[in-house]
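Coordinates as given in coords35.cif (mmCIF, C-alpha atoms and all ligand atoms; chains and numbers go by the auth columns):
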```cif
data_entry
loop_
_atom_site.group_PDB
_atom_site.id
_atom_site.type_symbol
_atom_site.label_atom_id
_atom_site.label_comp_id
_atom_site.label_asym_id
_atom_site.label_seq_id
_atom_site.Cartn_x
_atom_site.Cartn_y
_atom_site.Cartn_z
_atom_site.B_iso_or_equiv
_atom_site.auth_seq_id
_atom_site.auth_asym_id
ATOM 1 C CA MET A 1 1.428 -2.120 -0.281 0.00 1 A
ATOM 2 C CA ALA A 2 -0.118 -2.758 3.103 0.00 2 A
ATOM 3 C CA THR A 3 -2.241 -0.181 4.911 0.00 3 A
ATOM 4 C CA THR A 4 0.694 0.573 7.187 0.00 4 A
ATOM 5 C CA ASP A 5 2.823 1.382 4.105 0.00 5 A
ATOM 6 C CA TRP A 6 0.188 3.848 2.879 0.00 6 A
ATOM 7 C CA GLU A 7 0.160 5.436 6.330 0.00 7 A
ATOM 8 C CA ALA A 8 3.944 5.744 6.223 0.00 8 A
ATOM 9 C CA SER A 9 3.805 7.317 2.729 0.00 9 A
ATOM 10 C CA TRP A 10 1.273 9.920 3.857 0.00 10 A
ATOM 11 C CA LYS A 11 3.283 10.679 6.981 0.00 11 A
ATOM 12 C CA ALA A 12 6.484 11.098 4.951 0.00 12 A
ATOM 13 C CA GLY A 13 4.716 13.280 2.366 0.00 13 A
ATOM 14 C CA LYS A 14 5.407 10.719 -0.365 0.00 14 A
ATOM 15 C CA ILE A 15 2.177 11.388 -2.222 0.00 15 A
ATOM 16 C CA GLY A 16 3.327 12.024 -5.795 0.00 16 A
ATOM 17 C CA PHE A 17 -0.110 10.875 -6.999 0.00 17 A
ATOM 18 C CA HIS A 18 -1.812 13.906 -5.466 0.00 18 A
ATOM 19 C CA SER A 19 -2.590 16.902 -7.631 0.00 19 A
ATOM 20 C CA LYS A 20 -3.669 20.336 -6.486 0.00 20 A
ATOM 21 C CA ALA A 21 -5.617 20.816 -9.708 0.00 21 A
ATOM 22 C CA LEU A 22 -8.798 19.183 -10.943 0.00 22 A
ATOM 23 C CA ASN A 23 -7.985 16.010 -12.855 0.00 23 A
ATOM 24 C CA PRO A 24 -7.876 16.912 -16.590 0.00 24 A
ATOM 25 C CA MET A 25 -9.563 13.639 -17.662 0.00 25 A
ATOM 26 C CA LEU A 26 -12.376 14.333 -15.202 0.00 26 A
ATOM 27 C CA GLU A 27 -12.709 17.906 -16.423 0.00 27 A
ATOM 28 C CA LYS A 28 -12.967 16.661 -20.007 0.00 28 A
ATOM 29 C CA HIS A 29 -15.396 13.797 -19.397 0.00 29 A
ATOM 30 C CA ALA A 30 -17.374 14.614 -16.242 0.00 30 A
ATOM 31 C CA SER A 31 -20.507 15.286 -18.285 0.00 31 A
ATOM 32 C CA LYS A 32 -20.521 11.614 -19.301 0.00 32 A
ATOM 33 C CA ILE A 33 -21.153 10.550 -15.711 0.00 33 A
ATOM 34 C CA LEU A 34 -23.075 13.563 -14.420 0.00 34 A
ATOM 35 C CA ASP A 35 -25.285 13.326 -17.495 0.00 35 A
ATOM 36 C CA GLY A 36 -26.855 16.764 -16.996 0.00 36 A
ATOM 37 C CA GLN A 37 -28.335 15.645 -13.680 0.00 37 A
ATOM 38 C CA LYS A 38 -28.431 17.555 -10.394 0.00 38 A
ATOM 39 C CA ASN A 39 -27.545 16.324 -6.910 0.00 39 A
ATOM 40 C CA CYS A 40 -25.766 13.195 -8.088 0.00 40 A
ATOM 41 C CA LYS A 41 -24.337 10.927 -5.424 0.00 41 A
ATOM 42 C CA VAL A 42 -20.733 10.452 -6.561 0.00 42 A
ATOM 43 C CA PHE A 43 -18.409 7.810 -5.147 0.00 43 A
ATOM 44 C CA VAL A 44 -14.646 8.436 -5.043 0.00 44 A
ATOM 45 C CA PRO A 45 -12.977 5.206 -3.881 0.00 45 A
ATOM 46 C CA LEU A 46 -9.482 5.370 -2.342 0.00 46 A
ATOM 47 C CA CYS A 47 -9.985 9.110 -2.389 0.00 47 A
ATOM 48 C CA GLY A 48 -6.796 10.385 -0.748 0.00 48 A
ATOM 49 C CA LYS A 49 -7.262 14.161 -0.482 0.00 49 A
ATOM 50 C CA SER A 50 -8.365 14.536 -4.074 0.00 50 A
ATOM 51 C CA VAL A 51 -9.565 18.048 -4.913 0.00 51 A
ATOM 52 C CA ASP A 52 -11.928 16.412 -7.418 0.00 52 A
ATOM 53 C CA MET A 53 -14.290 15.788 -4.475 0.00 53 A
ATOM 54 C CA LYS A 54 -14.527 19.495 -3.733 0.00 54 A
ATOM 55 C CA TRP A 55 -15.177 20.125 -7.422 0.00 55 A
ATOM 56 C CA PHE A 56 -18.127 17.704 -7.410 0.00 56 A
ATOM 57 C CA ALA A 57 -19.537 19.405 -4.297 0.00 57 A
ATOM 58 C CA ASP A 58 -19.049 22.849 -5.864 0.00 58 A
ATOM 59 C CA GLN A 59 -21.065 21.640 -8.869 0.00 59 A
ATOM 60 C CA GLY A 60 -23.953 20.794 -6.516 0.00 60 A
ATOM 61 C CA HIS A 61 -23.340 17.052 -6.183 0.00 61 A
ATOM 62 C CA ASN A 62 -22.678 14.905 -3.112 0.00 62 A
ATOM 63 C CA ALA A 63 -19.229 13.358 -2.965 0.00 63 A
ATOM 64 C CA VAL A 64 -18.570 10.262 -0.871 0.00 64 A
ATOM 65 C CA GLY A 65 -15.018 8.989 -0.447 0.00 65 A
ATOM 66 C CA VAL A 66 -13.369 6.043 1.248 0.00 66 A
ATOM 67 C CA GLU A 67 -9.787 6.325 2.424 0.00 67 A
ATOM 68 C CA VAL A 68 -7.865 4.093 4.812 0.00 68 A
ATOM 69 C CA VAL A 69 -5.421 6.775 6.026 0.00 69 A
ATOM 70 C CA GLU A 70 -7.042 9.247 8.406 0.00 70 A
ATOM 71 C CA MET A 71 -4.402 11.913 7.784 0.00 71 A
ATOM 72 C CA ALA A 72 -5.478 12.112 4.128 0.00 72 A
ATOM 73 C CA ILE A 73 -9.055 12.900 5.174 0.00 73 A
ATOM 74 C CA THR A 74 -8.239 15.519 7.791 0.00 74 A
ATOM 75 C CA SER A 75 -5.694 17.107 5.403 0.00 75 A
ATOM 76 C CA PHE A 76 -8.387 17.302 2.727 0.00 76 A
ATOM 77 C CA TYR A 77 -10.787 19.253 4.940 0.00 77 A
ATOM 78 C CA GLU A 78 -8.090 21.462 6.414 0.00 78 A
ATOM 79 C CA GLU A 79 -6.460 22.329 3.065 0.00 79 A
ATOM 80 C CA GLN A 80 -9.823 23.020 1.436 0.00 80 A
ATOM 81 C CA GLY A 81 -10.940 25.150 4.420 0.00 81 A
ATOM 82 C CA ILE A 82 -14.050 23.029 4.968 0.00 82 A
ATOM 83 C CA ASP A 83 -15.532 22.554 8.467 0.00 83 A
ATOM 84 C CA TYR A 84 -16.354 18.964 9.302 0.00 84 A
ATOM 85 C CA THR A 85 -17.792 16.670 11.908 0.00 85 A
ATOM 86 C CA LYS A 86 -16.447 13.267 12.935 0.00 86 A
ATOM 87 C CA GLU A 87 -18.620 10.297 13.938 0.00 87 A
ATOM 88 C CA SER A 88 -18.313 6.566 14.343 0.00 88 A
ATOM 89 C CA VAL A 89 -20.072 4.306 11.840 0.00 89 A
ATOM 90 C CA PRO A 90 -22.513 2.072 13.752 0.00 90 A
ATOM 91 C CA LYS A 91 -22.655 -0.544 10.977 0.00 91 A
ATOM 92 C CA LEU A 92 -18.861 -0.707 10.688 0.00 92 A
ATOM 93 C CA PRO A 93 -17.070 -0.923 14.039 0.00 93 A
ATOM 94 C CA GLY A 94 -13.674 0.779 13.947 0.00 94 A
ATOM 95 C CA ALA A 95 -14.558 3.049 11.018 0.00 95 A
ATOM 96 C CA THR A 96 -15.075 6.806 11.270 0.00 96 A
ATOM 97 C CA VAL A 97 -17.019 9.106 8.996 0.00 97 A
ATOM 98 C CA TYR A 98 -16.061 12.744 8.418 0.00 98 A
ATOM 99 C CA LYS A 99 -18.828 14.956 7.058 0.00 99 A
ATOM 100 C CA SER A 100 -18.597 18.499 5.773 0.00 100 A
ATOM 101 C CA LYS A 101 -20.992 20.722 7.710 0.00 101 A
ATOM 102 C CA ASP A 102 -22.950 21.475 4.533 0.00 102 A
ATOM 103 C CA GLY A 103 -23.403 17.719 4.015 0.00 103 A
ATOM 104 C CA LYS A 104 -21.939 17.772 0.475 0.00 104 A
ATOM 105 C CA ILE A 105 -18.790 15.743 1.223 0.00 105 A
ATOM 106 C CA THR A 106 -18.729 12.537 3.295 0.00 106 A
ATOM 107 C CA LEU A 107 -15.445 10.697 3.787 0.00 107 A
ATOM 108 C CA TYR A 108 -15.158 7.304 5.424 0.00 108 A
ATOM 109 C CA ASN A 109 -11.926 6.381 7.113 0.00 109 A
ATOM 110 C CA ALA A 110 -12.156 2.676 6.365 0.00 110 A
ATOM 111 C CA ASP A 111 -10.852 -0.129 4.202 0.00 111 A
ATOM 112 C CA ILE A 112 -12.571 -0.192 0.808 0.00 112 A
ATOM 113 C CA PHE A 113 -13.049 -3.948 1.167 0.00 113 A
ATOM 114 C CA SER A 114 -15.230 -3.475 4.238 0.00 114 A
ATOM 115 C CA MET A 115 -17.664 -1.216 2.368 0.00 115 A
ATOM 116 C CA THR A 116 -21.112 -2.445 1.398 0.00 116 A
ATOM 117 C CA SER A 117 -24.207 -0.745 0.064 0.00 117 A
ATOM 118 C CA ASP A 118 -25.806 -1.271 3.512 0.00 118 A
ATOM 119 C CA ILE A 119 -23.267 1.182 4.884 0.00 119 A
ATOM 120 C CA ILE A 120 -22.890 3.770 2.121 0.00 120 A
ATOM 121 C CA GLY A 121 -25.799 3.077 -0.197 0.00 121 A
ATOM 122 C CA LYS A 122 -25.614 2.928 -3.996 0.00 122 A
ATOM 123 C CA PHE A 123 -24.260 5.583 -6.322 0.00 123 A
ATOM 124 C CA ASP A 124 -25.292 7.517 -9.427 0.00 124 A
ATOM 125 C CA CYS A 125 -21.664 8.061 -10.465 0.00 125 A
ATOM 126 C CA ILE A 126 -18.229 6.696 -9.641 0.00 126 A
ATOM 127 C CA TRP A 127 -14.978 8.569 -10.260 0.00 127 A
ATOM 128 C CA ASP A 128 -12.200 6.023 -9.862 0.00 128 A
ATOM 129 C CA ARG A 129 -8.735 7.437 -10.427 0.00 129 A
ATOM 130 C CA ALA A 130 -5.456 5.922 -9.202 0.00 130 A
ATOM 131 C CA SER A 131 -7.239 3.212 -7.201 0.00 131 A
ATOM 132 C CA LEU A 132 -7.012 0.007 -9.198 0.00 132 A
ATOM 133 C CA VAL A 133 -3.386 0.882 -9.983 0.00 133 A
ATOM 134 C CA ALA A 134 -2.671 1.520 -6.299 0.00 134 A
ATOM 135 C CA LEU A 135 -3.934 -1.792 -4.974 0.00 135 A
ATOM 136 C CA ASN A 136 -1.865 -4.940 -4.851 0.00 136 A
ATOM 137 C CA LYS A 137 -2.488 -6.936 -8.029 0.00 137 A
ATOM 138 C CA THR A 138 -3.875 -9.807 -5.926 0.00 138 A
ATOM 139 C CA ASP A 139 -6.635 -7.512 -4.615 0.00 139 A
ATOM 140 C CA ARG A 140 -8.031 -6.563 -8.036 0.00 140 A
ATOM 141 C CA GLU A 141 -10.376 -9.532 -8.213 0.00 141 A
ATOM 142 C CA ARG A 142 -12.175 -8.466 -5.054 0.00 142 A
ATOM 143 C CA TYR A 143 -11.989 -4.740 -5.806 0.00 143 A
ATOM 144 C CA ALA A 144 -14.108 -4.903 -8.971 0.00 144 A
ATOM 145 C CA PRO A 145 -17.090 -6.693 -7.316 0.00 145 A
ATOM 146 C CA THR A 146 -16.843 -4.366 -4.316 0.00 146 A
ATOM 147 C CA LEU A 147 -17.227 -1.390 -6.664 0.00 147 A
ATOM 148 C CA THR A 148 -19.921 -2.872 -8.889 0.00 148 A
ATOM 149 C CA SER A 149 -21.980 -3.782 -5.796 0.00 149 A
ATOM 150 C CA LEU A 150 -22.199 -0.046 -5.079 0.00 150 A
ATOM 151 C CA MET A 151 -23.521 0.900 -8.531 0.00 151 A
ATOM 152 C CA GLY A 152 -27.123 2.070 -8.659 0.00 152 A
ATOM 153 C CA PRO A 153 -29.241 0.860 -11.607 0.00 153 A
ATOM 154 C CA ASN A 154 -28.262 3.840 -13.829 0.00 154 A
ATOM 155 C CA CYS A 155 -24.776 4.349 -12.450 0.00 155 A
ATOM 156 C CA ARG A 156 -22.051 5.775 -14.718 0.00 156 A
ATOM 157 C CA TYR A 157 -18.549 4.685 -13.677 0.00 157 A
ATOM 158 C CA LEU A 158 -15.408 6.441 -14.967 0.00 158 A
ATOM 159 C CA LEU A 159 -12.301 4.343 -14.393 0.00 159 A
ATOM 160 C CA SER A 160 -8.825 5.684 -15.060 0.00 160 A
ATOM 161 C CA VAL A 161 -5.936 3.210 -15.251 0.00 161 A
ATOM 162 C CA LEU A 162 -2.290 3.275 -16.291 0.00 162 A
ATOM 163 C CA ASP A 163 -0.456 0.802 -18.434 0.00 163 A
ATOM 164 C CA TYR A 164 3.274 0.423 -18.999 0.00 164 A
ATOM 165 C CA ASP A 165 5.830 -2.319 -19.415 0.00 165 A
ATOM 166 C CA PRO A 166 6.046 -3.772 -15.872 0.00 166 A
ATOM 167 C CA SER A 167 9.602 -5.011 -16.477 0.00 167 A
ATOM 168 C CA LYS A 168 10.682 -1.336 -16.743 0.00 168 A
ATOM 169 C CA ALA A 169 9.262 -0.010 -13.466 0.00 169 A
ATOM 170 C CA LYS A 170 7.955 -1.160 -10.142 0.00 170 A
ATOM 171 C CA GLY A 171 4.638 0.185 -8.874 0.00 171 A
ATOM 172 C CA PRO A 172 2.544 1.425 -7.328 0.00 172 A
ATOM 173 C CA PRO A 173 1.083 2.657 -9.559 0.00 173 A
ATOM 174 C CA HIS A 174 0.928 -0.853 -10.999 0.00 174 A
ATOM 175 C CA ASN A 175 0.170 -1.371 -14.671 0.00 175 A
ATOM 176 C CA VAL A 176 -3.388 -2.401 -15.546 0.00 176 A
ATOM 177 C CA PRO A 177 -3.682 -3.634 -19.154 0.00 177 A
ATOM 178 C CA ASN A 178 -6.942 -2.842 -20.951 0.00 178 A
ATOM 179 C CA SER A 179 -7.614 -6.578 -21.254 0.00 179 A
ATOM 180 C CA GLU A 180 -7.614 -6.845 -17.470 0.00 180 A
ATOM 181 C CA VAL A 181 -10.269 -4.142 -17.139 0.00 181 A
ATOM 182 C CA ALA A 182 -12.430 -6.292 -19.409 0.00 182 A
ATOM 183 C CA THR A 183 -11.732 -9.445 -17.389 0.00 183 A
ATOM 184 C CA LEU A 184 -12.551 -7.718 -14.115 0.00 184 A
ATOM 185 C CA TYR A 185 -15.695 -5.860 -15.128 0.00 185 A
ATOM 186 C CA GLU A 186 -17.290 -7.411 -18.210 0.00 186 A
ATOM 187 C CA SER A 187 -19.568 -9.814 -16.320 0.00 187 A
ATOM 188 C CA SER A 188 -21.450 -6.921 -14.733 0.00 188 A
ATOM 189 C CA CYS A 189 -20.728 -3.836 -16.885 0.00 189 A
ATOM 190 C CA LYS A 190 -20.882 -2.532 -20.432 0.00 190 A
ATOM 191 C CA ILE A 191 -17.412 -1.095 -20.979 0.00 191 A
ATOM 192 C CA GLU A 192 -16.450 1.707 -23.348 0.00 192 A
ATOM 193 C CA LYS A 193 -12.905 2.994 -23.786 0.00 193 A
ATOM 194 C CA ILE A 194 -13.324 6.740 -24.098 0.00 194 A
ATOM 195 C CA ASP A 195 -9.887 8.346 -23.897 0.00 195 A
ATOM 196 C CA THR A 196 -6.164 7.676 -23.757 0.00 196 A
ATOM 197 C CA SER A 197 -3.236 9.976 -23.154 0.00 197 A
ATOM 198 C CA LEU A 198 0.419 9.751 -22.302 0.00 198 A
ATOM 199 C CA TYR A 199 0.912 10.042 -18.566 0.00 199 A
ATOM 200 C CA HIS A 200 3.842 11.947 -17.143 0.00 200 A
ATOM 201 C CA PRO A 201 3.936 11.312 -13.428 0.00 201 A
ATOM 202 C CA SER A 202 6.374 13.490 -11.542 0.00 202 A
ATOM 203 C CA LYS A 203 8.504 10.901 -9.816 0.00 203 A
ATOM 204 C CA PHE A 204 7.305 7.612 -11.230 0.00 204 A
ATOM 205 C CA ALA A 205 8.826 5.789 -14.181 0.00 205 A
ATOM 206 C CA LYS A 206 10.560 8.814 -15.653 0.00 206 A
ATOM 207 C CA ASP A 207 11.742 7.210 -18.871 0.00 207 A
ATOM 208 C CA VAL A 208 8.995 4.644 -19.239 0.00 208 A
ATOM 209 C CA GLU A 209 6.144 5.237 -21.627 0.00 209 A
ATOM 210 C CA CYS A 210 3.019 5.150 -19.520 0.00 210 A
ATOM 211 C CA VAL A 211 -0.442 5.363 -21.059 0.00 211 A
ATOM 212 C CA GLN A 212 -3.487 6.525 -19.181 0.00 212 A
ATOM 213 C CA THR A 213 -6.798 5.063 -20.345 0.00 213 A
ATOM 214 C CA LEU A 214 -10.264 6.136 -19.323 0.00 214 A
ATOM 215 C CA PHE A 215 -13.186 3.720 -19.387 0.00 215 A
ATOM 216 C CA LEU A 216 -16.866 4.522 -19.043 0.00 216 A
ATOM 217 C CA MET A 217 -18.857 1.654 -17.550 0.00 217 A
ATOM 218 C CA LYS A 218 -22.564 1.142 -17.001 0.00 218 A
ATOM 219 C CA PRO A 219 -24.400 -1.774 -15.385 0.00 219 A
ATOM 220 C CA LYS A 220 -25.383 -4.523 -17.853 0.00 220 A
HETATM 221 C C1 LIG B . -2.649 6.412 -5.380 0.00 301 A
HETATM 222 S S1 LIG B . -3.618 7.109 -4.108 0.00 301 A
HETATM 223 C C2 LIG B . -4.948 7.859 -5.038 0.00 301 A
HETATM 224 C C3 LIG B . -5.710 8.897 -4.276 0.00 301 A
HETATM 225 C C4 LIG B . -6.806 9.608 -5.097 0.00 301 A
HETATM 226 N N1 LIG B . -7.687 8.693 -5.788 0.00 301 A
HETATM 227 C C5 LIG B . -6.216 10.597 -6.057 0.00 301 A
HETATM 228 O O1 LIG B . -6.535 10.541 -7.255 0.00 301 A
HETATM 229 O O2 LIG B . -5.432 11.470 -5.623 0.00 301 A
HETATM 230 C C6 LIG B . -4.373 5.701 -3.371 0.00 301 A
HETATM 231 C C7 LIG B . -5.015 5.992 -2.019 0.00 301 A
HETATM 232 O O3 LIG B . -5.698 4.824 -1.561 0.00 301 A
HETATM 233 C C8 LIG B . -5.520 4.687 -0.169 0.00 301 A
HETATM 234 N N2 LIG B . -5.729 3.254 0.102 0.00 301 A
HETATM 235 C C9 LIG B . -4.866 2.233 -0.149 0.00 301 A
HETATM 236 N N3 LIG B . -5.435 1.055 0.147 0.00 301 A
HETATM 237 C C10 LIG B . -6.701 1.321 0.576 0.00 301 A
HETATM 238 C C11 LIG B . -7.776 0.523 1.033 0.00 301 A
HETATM 239 N N4 LIG B . -7.657 -0.818 1.088 0.00 301 A
HETATM 240 N N5 LIG B . -8.936 1.113 1.384 0.00 301 A
HETATM 241 C C12 LIG B . -9.054 2.478 1.324 0.00 301 A
HETATM 242 N N6 LIG B . -8.058 3.296 0.935 0.00 301 A
HETATM 243 C C13 LIG B . -6.894 2.731 0.554 0.00 301 A
HETATM 244 C C14 LIG B . -4.121 5.216 0.086 0.00 301 A
HETATM 245 O O4 LIG B . -3.938 5.648 1.409 0.00 301 A
HETATM 246 C C15 LIG B . -4.040 6.369 -0.928 0.00 301 A
HETATM 247 O O5 LIG B . -4.436 7.578 -0.346 0.00 301 A
#
```
Would you mind writing the structure in this file as structure tokens?
Amino acid sequence: MATTDWEASWKAGKIGFHSKALNPMLEKHASKILDGQKNCKVFVPLCGKSVDMKWFADQGHNAVGVEVVEMAITSFYEEQGIDYTKESVPKLPGATVYKSKDGKITLYNADIFSMTSDIIGKFDCIWDRASLVALNKTDRERYAPTLTSLMGPNCRYLLSVLDYDPSKAKGPPHNVPNSEVATLYESSCKIEKIDTSLYHPSKFAKDVECVQTLFLMKPK
């Protein structure tokens, strides 16, 4: 999907991927990335209006998201009742950054592929849900290095992907086989498969068995 298609989906309210509740896989495994530490800087790529970001902030961490559709960002702050400021990003012409007044949540309205560590720094943790599966398959090869370039030396990266028989349904979400996660990330990360569950999305692939897999990755 092109950026304009994502904008159209948000405008039409076609956001079946969004959940009002904390992601259950995150709830179960957050300790593996937070690692008992305080004030972690947590990256949430392609963040939408995920309530997981508020959860990280409520736990005392700093959440940083990147989202190409502005409406998703303003909806996040409005629905969560969080006051925010809006500024341009000097190092990235055309981008805008929305910051919660308490400084715990920072959301960039920008294309993920324009993000570098010069602009947003490096991260202690990454929570990556419904991103790799959302992108066009041809963009995966540049997505993985974009993300790994933002990992700090001790970064813990939780990646959630979906896999299903692609002849039975048309994404997004697109299927990401486990072998592809290895191909994309193994040159720069140690990869551990830590959980799988059956995924029952509301409107997607009703009768197709869809498996959700969670990987924990650390820099090599
Ligand atoms: C499937 S949604 C997942 C949202 C969020 N991670 C969640 O769990 O609810 C994918 C999001 O990525 C955004 N998006 C798509 N392409 C993007 C890009 N190139 N850069 C930044 N955001 C993008 C879409 O607007 C959409 O909100």
Close residues, range 129-133 of chain A itself excluded, 7 Å, all atoms listed in the file, min 5 positions apart in chain, as a list in words: Pro45, Leu46, Arg140, Leu159, Ser160, Val161, Leu162, Pro172, Pro173, His174, Asn175 and Val176 of chain A
Given the PyMOL selection byres (((not hetatm)) within 8 of (chain A and resi 301)), the residues it picks as an NGL selection string: :A and (1-3 or 6-7 or 10 or 15 or 17-19 or 23 or 44-52 or 66-69 or 72 or 109-113 or 128-131 or 133-135 or 172-173)
Prev. selection, C-alpha atoms, output as a CSV table (one decimal), in the frame of the given file:
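The file below, selection.csv, is the result:
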```
chain,number,residue,atom,x,y,z
A,1,MET,CA,1.4,-2.1,-0.3
A,2,ALA,CA,-0.1,-2.8,3.1
A,3,THR,CA,-2.2,-0.2,4.9
A,6,TRP,CA,0.2,3.8,2.9
A,7,GLU,CA,0.2,5.4,6.3
A,10,TRP,CA,1.3,9.9,3.9
A,15,ILE,CA,2.2,11.4,-2.2
A,17,PHE,CA,-0.1,10.9,-7.0
A,18,HIS,CA,-1.8,13.9,-5.5
A,19,SER,CA,-2.6,16.9,-7.6
A,23,ASN,CA,-8.0,16.0,-12.9
A,44,VAL,CA,-14.6,8.4,-5.0
A,45,PRO,CA,-13.0,5.2,-3.9
A,46,LEU,CA,-9.5,5.4,-2.3
A,47,CYS,CA,-10.0,9.1,-2.4
A,48,GLY,CA,-6.8,10.4,-0.7
A,49,LYS,CA,-7.3,14.2,-0.5
A,50,SER,CA,-8.4,14.5,-4.1
A,51,VAL,CA,-9.6,18.0,-4.9
A,52,ASP,CA,-11.9,16.4,-7.4
A,66,VAL,CA,-13.4,6.0,1.2
A,67,GLU,CA,-9.8,6.3,2.4
A,68,VAL,CA,-7.9,4.1,4.8
A,69,VAL,CA,-5.4,6.8,6.0
A,72,ALA,CA,-5.5,12.1,4.1
A,109,ASN,CA,-11.9,6.4,7.1
A,110,ALA,CA,-12.2,2.7,6.4
A,111,ASP,CA,-10.9,-0.1,4.2
A,112,ILE,CA,-12.6,-0.2,0.8
A,113,PHE,CA,-13.0,-3.9,1.2
A,128,ASP,CA,-12.2,6.0,-9.9
A,129,ARG,CA,-8.7,7.4,-10.4
A,130,ALA,CA,-5.5,5.9,-9.2
A,131,SER,CA,-7.2,3.2,-7.2
A,133,VAL,CA,-3.4,0.9,-10.0
A,134,ALA,CA,-2.7,1.5,-6.3
A,135,LEU,CA,-3.9,-1.8,-5.0
A,172,PRO,CA,2.5,1.4,-7.3
A,173,PRO,CA,1.1,2.7,-9.6
```
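When the PyMOL selection byres (((chain A and resi 80) around 12) and not hetatm) is evaluated on the file shown here, the picked residues come out as Lys20, Lys49, Ser50, Val51, Asp52, Met53, Lys54, Trp55, Ala57, Asp58, Ile73, Thr74, Ser75, Phe76, Tyr77, Glu78, Glu79, Gly81, Ile82, Asp83, Tyr84, Ser100 and Ile105 of chain A.
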From A:Cys40, A:Ala95, A:Val181, A:Leu26, residue lying nearest Ala144 in chain A [only C-alpha atoms]: A:Val181
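Proximity ranking of A:Lys122, A:Lys218, A:Arg156, A:Lys41 relative to His29 in chain A places A:Arg156 first, based on all atoms listed in the file.
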Expansion of the PyMOL selection byres (((chain A and resi 42) around 7) and not hetatm) into residues, as a PyMOL selection string: chain A and resi 40-41+43-44+62-64+123-126
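Atom pair CA of Leu184 in chain A / CA of Glu141 in chain A: separated by 6.5 Å.
Residue nearest Lys190 in chain A within the list A:Leu158, A:Met25, A:Cys210, A:Ile120: A:Leu158 [criterion: smallest interatomic distance, all atoms listed in the file].
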Residue nearest Leu92 in chain A among A:Asp118, A:Glu70, A:Glu186, A:Glu27 (counting only C-alpha atoms): A:Asp118
